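Okay, my_file-v4.pdb is below, PDB, C-alpha atoms and all ligand atoms:
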ATOM      1  CA  MET L   1     -10.900 123.455  59.432
ATOM      2  CA  SER L   2      -9.355 122.687  62.787
ATOM      3  CA  LEU L   3      -5.797 122.814  64.027
ATOM      4  CA  LYS L   4      -3.704 119.647  63.876
ATOM      5  CA  VAL L   5      -0.122 119.397  65.119
ATOM      6  CA  HIS L   6       1.763 116.316  63.940
ATOM      7  CA  LEU L   7       5.089 115.500  65.562
ATOM      8  CA  ILE L   8       7.170 114.297  62.591
ATOM      9  CA  GLY L   9      10.757 114.370  63.828
ATOM     10  CA  ARG L  10      12.973 114.483  66.883
ATOM     11  CA  THR L  11      16.638 114.434  67.876
ATOM     12  CA  VAL L  12      17.849 110.889  68.504
ATOM     13  CA  PHE L  13      20.419 110.344  71.267
ATOM     14  CA  ASP L  14      22.891 107.591  70.332
ATOM     15  CA  VAL L  15      23.333 106.451  73.913
ATOM     16  CA  GLU L  16      25.460 103.446  72.957
ATOM     17  CA  SER L  17      28.016 105.670  71.275
ATOM     18  CA  PHE L  18      28.002 107.996  74.279
ATOM     19  CA  ILE L  19      28.559 105.125  76.708
ATOM     20  CA  ASN L  20      31.428 103.871  74.515
ATOM     21  CA  PHE L  21      33.006 107.287  74.918
ATOM     22  CA  LEU L  22      32.573 107.157  78.707
ATOM     23  CA  SER L  23      34.022 103.627  78.869
ATOM     24  CA  ALA L  24      37.058 104.710  76.868
ATOM     25  CA  HIS L  25      37.672 107.279  79.610
ATOM     26  CA  SER L  26      36.882 104.803  82.430
ATOM     27  CA  LEU L  27      33.823 106.823  83.427
ATOM     28  CA  GLY L  28      30.490 105.431  84.570
ATOM     29  CA  TRP L  29      27.069 107.061  84.397
ATOM     30  CA  ARG L  30      24.191 106.284  86.763
ATOM     31  CA  ARG L  31      21.208 106.795  84.505
ATOM     32  CA  SER L  32      17.693 107.602  85.699
ATOM     33  CA  GLU L  33      15.123 104.957  85.012
ATOM     34  CA  ASN L  34      12.475 105.961  82.472
ATOM     35  CA  ALA L  35      14.217 109.180  81.371
ATOM     36  CA  SER L  36      13.372 109.874  77.727
ATOM     37  CA  GLY L  37      16.034 109.946  75.008
ATOM     38  CA  THR L  38      15.910 113.719  74.622
ATOM     39  CA  ASP L  39      15.985 114.269  78.392
ATOM     40  CA  GLU L  40      19.013 111.959  78.633
ATOM     41  CA  PHE L  41      20.736 113.753  75.754
ATOM     42  CA  VAL L  42      20.468 117.082  77.595
ATOM     43  CA  GLU L  43      21.713 115.537  80.844
ATOM     44  CA  ALA L  44      24.662 113.903  79.041
ATOM     45  CA  ALA L  45      25.624 117.164  77.301
ATOM     46  CA  GLY L  46      25.363 119.084  80.585
ATOM     47  CA  ARG L  47      27.511 116.552  82.449
ATOM     48  CA  ILE L  48      30.222 116.852  79.798
ATOM     49  CA  CYS L  49      30.752 120.481  80.915
ATOM     50  CA  TYR L  50      32.142 119.295  84.269
ATOM     51  CA  LEU L  51      32.800 115.625  83.431
ATOM     52  CA  SER L  52      30.443 114.856  86.299
ATOM     53  CA  PHE L  53      30.405 111.111  85.775
ATOM     54  CA  GLY L  54      31.584 108.245  87.958
ATOM     55  CA  ARG L  55      32.720 109.501  91.362
ATOM     56  CA  ASN L  56      31.940 113.095  90.338
ATOM     57  CA  GLN L  57      28.285 112.391  89.608
ATOM     58  CA  SER L  58      25.868 113.948  92.111
ATOM     59  CA  PRO L  59      22.845 111.917  93.231
ATOM     60  CA  LYS L  60      20.502 114.166  91.196
ATOM     61  CA  SER L  61      17.976 112.371  89.002
ATOM     62  CA  ASN L  62      17.616 113.337  85.334
ATOM     63  CA  ALA L  63      14.622 115.545  86.216
ATOM     64  CA  GLU L  64      16.482 117.255  89.059
ATOM     65  CA  TYR L  65      19.588 117.720  86.919
ATOM     66  CA  ILE L  66      17.703 119.421  84.079
ATOM     67  CA  ARG L  67      15.668 121.541  86.474
ATOM     68  CA  HIS L  68      18.957 122.736  88.004
ATOM     69  CA  LEU L  69      20.335 123.659  84.548
ATOM     70  CA  ILE L  70      17.226 125.729  83.848
ATOM     71  CA  VAL L  71      17.104 127.403  87.263
ATOM     72  CA  GLU L  72      20.800 128.306  86.976
ATOM     73  CA  GLY L  73      20.262 129.777  83.481
ATOM     74  CA  HIS L  74      22.558 127.197  81.855
ATOM     75  CA  GLU L  75      19.989 126.814  79.085
ATOM     76  CA  SER L  76      22.314 126.588  76.083
ATOM     77  CA  VAL L  77      22.498 122.854  76.920
ATOM     78  CA  LEU L  78      18.827 122.598  75.917
ATOM     79  CA  GLU L  79      19.708 123.629  72.356
ATOM     80  CA  HIS L  80      21.057 120.145  71.551
ATOM     81  CA  VAL L  81      17.583 118.631  71.180
ATOM     82  CA  SER L  82      14.907 119.660  68.745
ATOM     83  CA  TRP L  83      11.601 118.484  67.333
ATOM     84  CA  SER L  84       9.885 118.922  63.969
ATOM     85  CA  PHE L  85       6.159 119.527  63.752
ATOM     86  CA  LEU L  86       3.862 119.584  60.744
ATOM     87  CA  ILE L  87       1.091 122.035  61.556
ATOM     88  CA  GLU L  88      -2.118 122.234  59.526
ATOM     89  CA  GLY L  89      -5.466 123.917  60.008
ATOM     90  CA  ILE L  90      -3.664 127.060  61.127
ATOM     91  CA  SER L  91      -4.358 130.555  59.795
ATOM     92  CA  ARG L  92      -1.824 132.634  57.908
ATOM     93  CA  ALA L  93      -2.339 135.284  60.616
ATOM     94  CA  CYS L  94      -1.123 132.845  63.234
ATOM     95  CA  THR L  95       1.840 131.587  61.191
ATOM     96  CA  HIS L  96       2.843 135.184  60.568
ATOM     97  CA  GLN L  97       3.260 135.510  64.331
ATOM     98  CA  LEU L  98       4.979 132.122  64.473
ATOM     99  CA  VAL L  99       7.666 132.937  61.902
ATOM    100  CA  ARG L 100       8.673 136.059  63.825
ATOM    101  CA  HIS L 101      10.598 133.722  66.116
ATOM    102  CA  ARG L 102      14.129 133.919  64.734
ATOM    103  CA  VAL L 103      16.385 132.048  67.098
ATOM    104  CA  GLY L 104      16.432 128.249  67.170
ATOM    105  CA  PHE L 105      13.521 127.873  64.729
ATOM    106  CA  SER L 106      13.352 126.676  61.097
ATOM    107  CA  PHE L 107      10.247 126.891  58.916
ATOM    108  CA  SER L 108       8.985 125.504  55.600
ATOM    109  CA  GLN L 109       5.550 126.828  54.660
ATOM    110  CA  LEU L 110       3.084 126.130  51.866
ATOM    111  CA  SER L 111       3.649 128.702  49.117
ATOM    112  CA  GLN L 112       0.731 130.778  47.864
ATOM    113  CA  GLN L 113       2.799 131.551  44.752
ATOM    114  CA  TYR L 114       3.434 127.957  43.686
ATOM    115  CA  HIS L 115       0.246 126.436  45.067
ATOM    116  CA  ASP L 116      -3.166 127.219  43.566
ATOM    117  CA  GLU L 117      -5.364 128.458  46.432
ATOM    118  CA  SER L 118      -8.715 128.231  44.605
ATOM    119  CA  ASP L 119      -9.924 125.711  47.192
ATOM    120  CA  VAL L 120      -8.408 127.429  50.198
ATOM    121  CA  GLN L 121     -10.206 126.872  53.496
ATOM    122  CA  CYS L 122     -10.504 129.565  56.115
ATOM    123  CA  VAL L 123      -9.791 129.031  59.788
ATOM    124  CA  GLU L 124     -12.682 130.388  61.819
ATOM    125  CA  PRO L 125     -11.608 132.227  64.968
ATOM    126  CA  TYR L 126     -12.297 130.333  68.188
ATOM    127  CA  GLY L 127     -15.517 131.380  69.882
ATOM    128  CA  LEU L 128     -16.950 133.256  66.890
ATOM    129  CA  ASP L 129     -19.786 130.735  66.557
ATOM    130  CA  ALA L 130     -21.267 132.104  69.790
ATOM    131  CA  TYR L 131     -22.124 135.295  67.852
ATOM    132  CA  PRO L 132     -24.317 134.235  64.927
ATOM    133  CA  ALA L 133     -24.360 137.602  63.108
ATOM    134  CA  ALA L 134     -20.574 137.946  63.359
ATOM    135  CA  ALA L 135     -20.059 134.322  62.278
ATOM    136  CA  ALA L 136     -22.355 134.880  59.283
ATOM    137  CA  ALA L 137     -20.465 138.054  58.266
ATOM    138  CA  TRP L 138     -17.196 136.142  58.561
ATOM    139  CA  SER L 139     -18.473 133.226  56.426
ATOM    140  CA  THR L 140     -19.792 135.590  53.754
ATOM    141  CA  ALA L 141     -16.506 137.480  53.565
ATOM    142  CA  ALA L 142     -14.531 134.213  53.324
ATOM    143  CA  LYS L 143     -16.801 132.997  50.499
ATOM    144  CA  VAL L 144     -16.669 136.281  48.557
ATOM    145  CA  THR L 145     -12.888 136.416  48.885
ATOM    146  CA  LYS L 146     -12.501 132.897  47.524
ATOM    147  CA  GLU L 147     -14.736 133.802  44.578
ATOM    148  CA  ALA L 148     -12.652 136.924  43.905
ATOM    149  CA  TYR L 149      -9.491 134.812  43.969
ATOM    150  CA  ARG L 150     -10.943 132.425  41.379
ATOM    151  CA  THR L 151     -12.118 135.302  39.172
ATOM    152  CA  ILE L 152      -8.672 136.876  39.202
ATOM    153  CA  ILE L 153      -7.054 133.528  38.315
ATOM    154  CA  ASP L 154      -9.568 132.969  35.486
ATOM    155  CA  GLU L 155      -9.208 136.480  34.088
ATOM    156  CA  LEU L 156      -5.405 136.546  34.126
ATOM    157  CA  GLY L 157      -5.114 133.305  32.159
ATOM    158  CA  THR L 158      -3.121 130.151  32.682
ATOM    159  CA  GLY L 159       0.297 131.560  31.941
ATOM    160  CA  GLU L 160       0.618 129.323  28.852
ATOM    161  CA  GLU L 161      -0.166 132.238  26.535
ATOM    162  CA  CYS L 162       2.564 134.483  27.935
ATOM    163  CA  GLN L 163       4.692 135.977  25.163
ATOM    164  CA  THR L 164       6.642 138.480  27.263
ATOM    165  CA  PRO L 165      10.413 138.015  26.738
ATOM    166  CA  GLY L 166      12.184 137.064  29.952
ATOM    167  CA  ILE L 167       9.023 135.818  31.643
ATOM    168  CA  GLY L 168       8.440 132.114  31.073
ATOM    169  CA  HIS L 169       5.337 130.118  31.902
ATOM    170  CA  ARG L 170       6.453 129.377  35.436
ATOM    171  CA  GLU L 171       7.154 133.021  36.282
ATOM    172  CA  ARG L 172       3.936 134.210  34.660
ATOM    173  CA  LEU L 173       2.049 131.692  36.790
ATOM    174  CA  ARG L 174       3.813 133.026  39.859
ATOM    175  CA  ALA L 175       2.771 136.568  38.894
ATOM    176  CA  ILE L 176      -0.844 135.469  38.364
ATOM    177  CA  ARG L 177      -1.037 133.684  41.713
ATOM    178  CA  SER L 178       0.691 136.593  43.429
ATOM    179  CA  ALA L 179      -1.978 138.951  42.112
ATOM    180  CA  ALA L 180      -4.757 136.579  43.150
ATOM    181  CA  ARG L 181      -3.348 135.776  46.583
ATOM    182  CA  SER L 182      -3.170 139.454  47.478
ATOM    183  CA  ILE L 183      -6.904 139.229  48.112
ATOM    184  CA  LEU L 184      -6.713 136.199  50.430
ATOM    185  CA  PRO L 185      -7.576 136.822  54.077
ATOM    186  CA  ASN L 186      -5.504 136.403  57.218
ATOM    187  CA  ALA L 187      -7.810 133.476  57.962
ATOM    188  CA  ALA L 188      -6.518 131.481  54.946
ATOM    189  CA  GLU L 189      -5.535 128.006  56.074
ATOM    190  CA  THR L 190      -1.903 127.008  55.645
ATOM    191  CA  LYS L 191       0.505 124.186  56.383
ATOM    192  CA  ILE L 192       3.925 124.661  57.883
ATOM    193  CA  VAL L 193       6.774 122.471  59.076
ATOM    194  CA  MET L 194       8.511 123.916  62.108
ATOM    195  CA  THR L 195      11.690 122.611  63.690
ATOM    196  CA  ALA L 196      12.752 124.141  66.978
ATOM    197  CA  ASN L 197      15.126 123.331  69.793
ATOM    198  CA  ALA L 198      14.058 122.905  73.396
ATOM    199  CA  ARG L 199      15.357 126.273  74.565
ATOM    200  CA  ALA L 200      13.561 128.114  71.774
ATOM    201  CA  LEU L 201      10.369 126.164  72.441
ATOM    202  CA  ARG L 202      10.438 127.044  76.134
ATOM    203  CA  HIS L 203      10.784 130.726  75.213
ATOM    204  CA  PHE L 204       7.969 130.395  72.680
ATOM    205  CA  LEU L 205       5.591 128.716  75.153
ATOM    206  CA  ASN L 206       6.348 131.398  77.701
ATOM    207  CA  VAL L 207       5.649 134.395  75.476
ATOM    208  CA  ARG L 208       2.986 132.924  73.201
ATOM    209  CA  GLY L 209       1.038 130.263  75.060
ATOM    210  CA  THR L 210      -0.100 132.329  77.993
ATOM    211  CA  ILE L 211      -1.816 135.341  76.402
ATOM    212  CA  PRO L 212      -5.558 135.082  77.150
ATOM    213  CA  GLY L 213      -6.714 137.063  74.090
ATOM    214  CA  ASP L 214      -4.652 135.106  71.557
ATOM    215  CA  THR L 215      -6.803 132.009  71.316
ATOM    216  CA  GLU L 216      -5.317 130.448  68.166
ATOM    217  CA  MET L 217      -1.781 130.779  69.585
ATOM    218  CA  ARG L 218      -3.009 129.300  72.857
ATOM    219  CA  CYS L 219      -4.362 126.256  71.032
ATOM    220  CA  LEU L 220      -1.164 125.859  69.015
ATOM    221  CA  SER L 221       0.998 126.227  72.126
ATOM    222  CA  SER L 222      -1.101 123.732  74.079
ATOM    223  CA  GLU L 223      -0.853 121.169  71.294
ATOM    224  CA  LEU L 224       2.919 121.659  71.030
ATOM    225  CA  LEU L 225       3.213 121.305  74.790
ATOM    226  CA  ARG L 226       1.138 118.117  74.816
ATOM    227  CA  HIS L 227       3.691 116.511  72.488
ATOM    228  CA  LEU L 228       6.684 118.030  74.263
ATOM    229  CA  LYS L 229       5.703 116.917  77.757
ATOM    230  CA  ASN L 230       5.301 113.422  76.383
ATOM    231  CA  GLU L 231       8.708 113.606  74.693
ATOM    232  CA  SER L 232      10.676 115.373  77.410
ATOM    233  CA  PRO L 233       8.925 115.665  80.774
ATOM    234  CA  SER L 234      12.124 116.854  82.472
ATOM    235  CA  ILE L 235      12.730 119.753  80.052
ATOM    236  CA  PHE L 236       9.122 120.989  80.118
ATOM    237  CA  PHE L 237       8.515 120.279  83.820
ATOM    238  CA  ASP L 238       7.407 123.840  84.606
ATOM    239  CA  PHE L 239       4.848 124.204  81.800
ATOM    240  CA  ASP L 240       1.357 122.798  81.738
ATOM    241  CA  SER L 241      -1.893 123.542  79.985
ATOM    242  CA  ARG L 242      -5.479 123.583  81.108
ATOM    243  CA  ILE L 243      -8.854 124.666  79.818
ATOM    244  CA  HIS L 244      -9.288 128.399  80.492
ATOM    245  CA  LEU L 245     -12.544 130.020  81.597
ATOM    246  CA  ASP L 246     -13.471 130.646  77.949
ATOM    247  CA  GLY L 247     -13.326 126.882  77.274
ATOM    248  CA  ILE L 248     -10.109 127.121  75.222
ATOM    249  CA  PRO L 249      -6.726 125.683  76.322
ATOM    250  CA  ILE L 250      -4.082 127.950  77.795
ATOM    251  CA  VAL L 251      -0.467 127.272  78.747
ATOM    252  CA  TYR L 252       0.748 128.286  82.206
ATOM    253  CA  ARG L 253       3.968 128.120  84.229
ATOM    254  CA  VAL L 254       3.536 125.644  87.038
ATOM    255  CA  GLU L 255       6.045 127.127  89.497
ATOM    256  CA  LYS L 256       5.027 130.730  88.866
ATOM    257  CA  GLU L 257       1.518 129.905  90.033
ATOM    258  CA  ALA L 258       2.591 127.777  93.025
TER     259      ALA L 258
HETATM  260  C1  LIG S   1       2.038 139.917  73.296
HETATM  261  C2  LIG S   1       2.854 140.154  72.057
HETATM  262  C3  LIG S   1       2.571 141.244  71.277
HETATM  263  C4  LIG S   1       3.336 141.509  70.136
HETATM  264  N1  LIG S   1       3.028 142.585  69.365
HETATM  265  C5  LIG S   1       3.763 142.864  68.279
HETATM  266  C6  LIG S   1       3.470 144.009  67.463
HETATM  267  O1  LIG S   1       2.546 144.742  67.720
HETATM  268  N2  LIG S   1       4.245 144.232  66.376
HETATM  269  C7  LIG S   1       5.318 143.423  66.080
HETATM  270  O2  LIG S   1       6.025 143.712  65.100
HETATM  271  N3  LIG S   1       5.600 142.342  66.799
HETATM  272  C8  LIG S   1       4.854 142.021  67.892
HETATM  273  N4  LIG S   1       5.144 140.916  68.634
HETATM  274  C9  LIG S   1       6.226 140.039  68.207
HETATM  275  C10 LIG S   1       7.472 140.221  69.080
HETATM  276  O3  LIG S   1       7.943 141.554  69.017
HETATM  277  C11 LIG S   1       8.585 139.275  68.634
HETATM  278  O4  LIG S   1       8.983 139.581  67.311
HETATM  279  C12 LIG S   1       8.167 137.829  68.654
HETATM  280  O5  LIG S   1       7.397 137.546  69.792
HETATM  281  C13 LIG S   1       9.425 136.966  68.674
HETATM  282  O6  LIG S   1       9.961 137.044  69.985
HETATM  283  P1  LIG S   1      11.502 137.056  70.265
HETATM  284  O7  LIG S   1      12.196 138.137  69.528
HETATM  285  O8  LIG S   1      11.668 137.044  71.754
HETATM  286  O9  LIG S   1      11.891 135.586  69.718
HETATM  287  P2  LIG S   1      13.132 135.124  68.874
HETATM  288  O10 LIG S   1      13.220 135.867  67.611
HETATM  289  O11 LIG S   1      13.025 133.647  68.745
HETATM  290  O12 LIG S   1      14.359 135.491  69.776
HETATM  291  C14 LIG S   1      14.594 134.789  71.016
HETATM  292  C15 LIG S   1      15.413 135.657  71.927
HETATM  293  O13 LIG S   1      16.698 135.848  71.341
HETATM  294  C16 LIG S   1      17.154 137.166  71.639
HETATM  295  N5  LIG S   1      17.328 137.909  70.360
HETATM  296  C17 LIG S   1      16.811 137.543  69.153
HETATM  297  N6  LIG S   1      17.193 138.422  68.213
HETATM  298  C18 LIG S   1      17.929 139.344  68.844
HETATM  299  C19 LIG S   1      18.581 140.516  68.420
HETATM  300  N7  LIG S   1      18.552 140.928  67.145
HETATM  301  N8  LIG S   1      19.250 141.256  69.325
HETATM  302  C20 LIG S   1      19.297 140.877  70.614
HETATM  303  N9  LIG S   1      18.681 139.771  71.116
HETATM  304  C21 LIG S   1      18.006 139.017  70.221
HETATM  305  C22 LIG S   1      16.111 137.813  72.526
HETATM  306  O14 LIG S   1      16.438 137.563  73.871
HETATM  307  C23 LIG S   1      14.860 137.061  72.155
HETATM  308  O15 LIG S   1      13.871 137.082  73.169
HETATM  309  C24 LIG S   1       4.398 140.635  69.777
HETATM  310  C25 LIG S   1       4.662 139.522  70.572
HETATM  311  C26 LIG S   1       3.906 139.280  71.693
HETATM  312  C27 LIG S   1       4.212 138.043  72.523
END
Just dump the structure as structure tokens.
Ligand SMILES: Cc1cc2nc3c(=O)[nH]c(=O)nc-3n(C[C@H](O)[C@H](O)[C@H](O)COP(=O)(O)OP(=O)(O)OC[C@H]3O[C@@H](n4cnc5c(N)ncnc54)[C@H](O)[C@@H]3O)c2cc1C
Amino acid sequence: MSLKVHLIGRTVFDVESFINFLSAHSLGWRRSENASGTDEFVEAAGRICYLSFGRNQSPKSNAEYIRHLIVEGHESVLEHVSWSFLIEGISRACTHQLVRHRVGFSFSQLSQQYHDESDVQCVEPYGLDAYPAAAAAWSTAAKVTKEAYRTIIDELGTGEECQTPGIGHRERLRAIRSAARSILPNAAETKIVMTANARALRHFLNVRGTIPGDTEMRCLSSELLRHLKNESPSIFFDFDSRIHLDGIPIVYRVEKEA
């Protein structure tokens, strides 16, 4: 099962409403051609701090303006725009690392208590197939674990027969699946919706996308960045991704390497 990152939501800048506001204050705004909605939103929010419109507007383009905000450390302005991603084909090990990010992130993940995992797939680590004996051991363990899960579910019943006072069918089912899921591996495939703002995503890409040994995170980060550079080239100007020597994508900071 391979990683897929679907971009399912984004902040929408109501530029007409913003321009109405500027007009009401007799202010004009020279906008950059081809700037994306999210890039324009950040520029507009930043310019509000100094009302740098009309005669007070510097000749900076949208890209130059946002780069200046970032270089100066005025990054709270980036928190106004966010994106929502539906991620699938990702291991529970990787999402465990993902959900450690507390600031500017929101998560909704497939429950192993409410969802029956009898048909769970496992996410094979990148590069394992180059080592046939290791790959075979991995496949065997994944298969045996899935069988154990099913046995535990079968042996503990359906929950319908539960007579224990205070524990209804639904809670008994939760208890059964909790017992069974305790055997599931870190490799168990999961699905998660993640919403994050631009500042948080820049921090994430910086600390997570660039670690050579963390191949699944590198792939996730590269896929996120592919969407983000398309959405907001000005905000993510200093990040890029390339294929690393091991044949797997890696994120890097453009200016740090220059
Ligand atoms: C290479 C690597 C190895 C790691 N190894 C381990 C490990 O062995 N064990 C482990 O438990 N975790 C490990 N982690 C996870 C790491 O400790 C962080 O929990 C995770 O990367 C989230 O980073 P963060 O706190 O910067 O992000 P966020 O939670 O999104 O926070 C963003 C930023 O907000 C600020 N912030 C957030 N909360 C606070 C706070 N309470 N007080 C002050 N400032 C705050 C900080 O500046 C922080 O960088 C590892 C991470 C990496 C990248």
Result set, the PyMOL selection byres (((not hetatm)) within 12 of (chain S and resi 1)) on current file, as a ChimeraX atom specification: /L:76,94-106,196-214,217-218
Residue contacts of stretch 137-139 of chain L (9 Å, only C-alpha atoms) excluding same-chain residues fewer than 4 positions away, as number ranges by chain: L: 122, 124, 128, 132-133, 143-144
Selection under test: the PyMOL selection byres (((chain L and resi 39) around 10) and not hetatm); residues as a VMD selection string: chain L and resid 13 34 to 38 40 to 44 62 to 63 65 to 66 78 81 231 to 236
Selection: 10 Å around L:Ile90, only C-alpha atoms, excl. self and same-chain fewer than 4 positions, as a compact mmCIF listing (two decimals) with C-alpha atoms, in the coordinates of the input:
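The file below, around20.txt, is the result:
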# COMPACT_ATOMS: atom_id res chain seq x y z
CA MET L 1 -10.90 123.46 59.43
CA SER L 2 -9.36 122.69 62.79
CA LEU L 3 -5.80 122.81 64.03
CA LYS L 4 -3.70 119.65 63.88
CA VAL L 5 -0.12 119.40 65.12
CA CYS L 94 -1.12 132.84 63.23
CA THR L 95 1.84 131.59 61.19
CA CYS L 122 -10.50 129.56 56.12
CA VAL L 123 -9.79 129.03 59.79
CA GLU L 124 -12.68 130.39 61.82
CA ALA L 187 -7.81 133.48 57.96
CA ALA L 188 -6.52 131.48 54.95
CA GLU L 189 -5.54 128.01 56.07
CA THR L 190 -1.90 127.01 55.64
CA LYS L 191 0.50 124.19 56.38
CA ILE L 192 3.92 124.66 57.88
CA GLU L 216 -5.32 130.45 68.17
CA MET L 217 -1.78 130.78 69.58
CA CYS L 219 -4.36 126.26 71.03
CA LEU L 220 -1.16 125.86 69.02
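The two atoms in question, atom CA of L:Leu69 and atom CA of L:Arg242, are spaced 26.0 Å apart.
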